[in-house]
Amino acid sequence: MSRPSPLSTALVTALCASAAACSGASANRPRELLSAKQIVQQNKPAIVRIESRVDSTLGAERRQFGTGFVVSADGRIATNLHVIAGSADVKVRLADGTEFKVQRVMAVDPQRDLAIIGIDAQNLPTAHLGNSDDVSAGDKVVAIGNPLGVLDYTVSDGLISSVRQLDEGIKILQISAPISQGSSGGPLFNPYGEVIGIATLISSEGQNLN
C-alpha cells in the first residue's frame with residue numbers, strides 16, 4: 001500500500017474530494033427524520049467490513065477486523081487508524097460480498113484515530129456526512145458495525161450521553177449505543193441518516209460507556 005500524508009488537513013481534503021461526500025452536499029439534501037430501519041436500509045450498501053493481517057514480532061500471524069464506510073464513490077473509505085495500523089495487507093468486503101485489496105492509505109489523523117484508505121473501485125454507494133457540531137446530549141443515534149469480525153452489519157441504537165472535550169482540543173461523543181470489538185471504524189448516524197461520528201472505543205470499567 002502507498003503511504004499517507006500524516007496531516008489532518010489531508011484527511012479533510014480526502015473526505016471532501018467528492019462533492020457527494022462533502023457536508024455542503026449533505027446540507028443541500030432534503031432532511032427528514034428516519035427510523036432506525038430506514039437508516040440501515042439507506043446506508044448499509046456504503047458500510048464495509050475490513051480485514052487485515054498483522055505479523056507479530058514472533059513471526060506468528062493474526063487477523064484483525066473492523067468496519068469502515070465509503071465517503072467517495074471512487075473508493076475512499078473512512079475507518080479507525082488502529083484497524084489498519086501495522087498491517088501487512090488489508091482487504092475490504094462490500095455489502096454484496098465483493099472484496100477489494102486496499103491499495104493506498106490516503107490520510108491519517110493519529111490523535112483522532114482516523115484514516116482514509118483507498119480501493120480501486122468506481123460508482124460505489126456513499127454515506128452522507130453530517131455535522132458533529134450540531135450534536136448534543138440526548139440526541140438519538142444509530143451505530144452499525146461488524147462485531148467480532150463475524151456478526152456483520154449489527155445495528156444498535158442509543159443516545160448521545162455526553163459531548164466531551166479532551167485536553168488536546170479533541171471532541172468525543174460518549175454514546176449509550178452498544179459497540180464491540182470489530183465495530184471500530186463503523187459510522188454513527190444521527191436521526192437524519194447522516195454520519196456524525198465514528199465508533200472508536202469502549203470503556204470496560206463501566207456499562208454502555210462507548
# chains A, B, ... in the order shown; residues from 1 in each chain; ligands from 1

$ residues_around --residues "region 39-56 of chain A" --least-positions-apart "3" --cutoff "6 Å" --atoms "only C-alpha atoms" --output "list in words"
Ala36, Gly59, Ala60, Glu61, Arg62, Arg63, Gln64, Phe65, Gly66, Thr67, Gly68, Phe69, Val70, Ser87, Ala88, Asp89, Val90, Lys91, Val92, Arg93, Leu94, Ala95, Pro125, Thr126, Ala127 and Gly193 of chain A

$ residues_around --residues "Ala73 (chain A)" --least-positions-apart "4" --cutoff "6 Å" --atoms "only C-alpha atoms" --output "list in words"
Gln122, Asn123 and Leu124 of chain A

$ atom_distance --atom1 "CA of Ser161 (chain A)" --atom2 "CA of Val141 (chain A)"
10.2 Å

$ closest_residue --among "A:Ile77, A:Val102, A:Leu173, A:Ile144" --to "Ser132 (chain A)" --atoms "only C-alpha atoms"
A:Leu173

$ select_by_dssp --residues "region 113-186 of chain A" --states "strand (DSSP E or B)" --output "short mmCIF file (atom, residue, chain, number, x, y, z; two decimals) with N, CA and C atoms, in the first residue's frame"
data_model
loop_
_atom_site.label_atom_id
_atom_site.label_comp_id
_atom_site.auth_asym_id
_atom_site.auth_seq_id
_atom_site.Cartn_x
_atom_site.Cartn_y
_atom_site.Cartn_z
N LEU A 114 -8.14 8.26 13.13
CA LEU A 114 -8.85 8.23 11.86
C LEU A 114 -7.92 7.92 10.71
N ALA A 115 -8.46 7.27 9.69
CA ALA A 115 -7.70 7.01 8.46
C ALA A 115 -8.65 7.00 7.27
N ILE A 116 -8.15 7.43 6.13
CA ILE A 116 -8.85 7.30 4.86
C ILE A 116 -8.04 6.33 4.01
N ILE A 117 -8.65 5.21 3.62
CA ILE A 117 -8.00 4.22 2.77
C ILE A 117 -8.67 4.21 1.41
N GLY A 118 -7.95 3.69 0.42
CA GLY A 118 -8.49 3.70 -0.93
C GLY A 118 -8.45 2.35 -1.59
N LEU A 129 -22.34 12.68 5.02
CA LEU A 129 -21.72 13.21 6.21
C LEU A 129 -22.58 14.31 6.82
N LYS A 140 -30.69 11.11 19.63
CA LYS A 140 -30.69 9.69 19.28
C LYS A 140 -29.62 9.40 18.23
N VAL A 141 -29.02 8.21 18.32
CA VAL A 141 -28.00 7.79 17.37
C VAL A 141 -28.18 6.31 17.03
N VAL A 142 -27.67 5.92 15.87
CA VAL A 142 -27.67 4.53 15.42
C VAL A 142 -26.25 4.17 15.01
N ALA A 143 -25.75 3.04 15.50
CA ALA A 143 -24.42 2.55 15.14
C ALA A 143 -24.56 1.25 14.33
N ILE A 144 -23.73 1.10 13.32
CA ILE A 144 -23.70 -0.12 12.51
C ILE A 144 -22.25 -0.58 12.40
N GLY A 145 -22.00 -1.85 12.70
CA GLY A 145 -20.64 -2.36 12.65
C GLY A 145 -20.61 -3.86 12.46
N THR A 154 -24.28 -5.49 12.30
CA THR A 154 -25.04 -5.45 13.54
C THR A 154 -25.46 -4.00 13.82
N VAL A 155 -26.73 -3.83 14.18
CA VAL A 155 -27.29 -2.49 14.39
C VAL A 155 -27.59 -2.31 15.88
N SER A 156 -27.23 -1.16 16.41
CA SER A 156 -27.60 -0.81 17.79
C SER A 156 -27.98 0.66 17.81
N ASP A 157 -28.82 1.02 18.77
CA ASP A 157 -29.19 2.42 18.88
C ASP A 157 -29.06 2.87 20.32
N GLY A 158 -29.13 4.16 20.52
CA GLY A 158 -28.97 4.72 21.84
C GLY A 158 -29.01 6.23 21.78
N LEU A 159 -28.36 6.85 22.73
CA LEU A 159 -28.36 8.30 22.84
C LEU A 159 -26.93 8.84 22.90
N ILE A 160 -26.79 10.10 22.56
CA ILE A 160 -25.57 10.81 22.91
C ILE A 160 -25.62 11.05 24.42
N SER A 161 -24.76 10.38 25.16
CA SER A 161 -24.76 10.52 26.61
C SER A 161 -24.12 11.84 27.04
N SER A 162 -23.08 12.23 26.31
CA SER A 162 -22.41 13.48 26.60
C SER A 162 -21.49 13.84 25.44
N VAL A 163 -21.25 15.12 25.27
CA VAL A 163 -20.24 15.61 24.33
C VAL A 163 -19.08 16.14 25.17
N ARG A 164 -17.91 15.53 25.02
CA ARG A 164 -16.80 15.84 25.91
C ARG A 164 -15.61 16.40 25.13
N GLN A 165 -14.99 17.40 25.70
CA GLN A 165 -13.78 18.00 25.14
C GLN A 165 -12.57 17.49 25.90
N LYS A 171 -12.78 16.67 20.43
CA LYS A 171 -14.14 16.40 20.92
C LYS A 171 -14.48 14.93 20.72
N ILE A 172 -15.04 14.29 21.75
CA ILE A 172 -15.51 12.92 21.61
C ILE A 172 -16.99 12.87 21.99
N LEU A 173 -17.69 11.94 21.37
CA LEU A 173 -19.10 11.72 21.66
C LEU A 173 -19.24 10.47 22.51
N GLN A 174 -19.69 10.63 23.73
CA GLN A 174 -19.97 9.48 24.58
C GLN A 174 -21.38 9.00 24.25
N ILE A 175 -21.52 7.71 23.92
CA ILE A 175 -22.81 7.19 23.46
C ILE A 175 -23.23 5.98 24.30
#

$ closest_residue --among "A:Leu188, A:Ala177, A:Ile84, A:Val105" --to "Gly130 (chain A)" --atoms "only C-alpha atoms"
A:Leu188

$ atom_distance --atom1 "CA of Arg76 (chain A)" --atom2 "CA of Pro147 (chain A)"
22.1 Å

$ atom_distance --atom1 "CA of Asn146 (chain A)" --atom2 "CA of Ile170 (chain A)"
25.8 Å

$ closest_residue --among "A:Pro30, A:Gly138, A:Gly86, A:Pro178" --to "Tyr192 (chain A)" --atoms "only C-alpha atoms"
A:Pro30
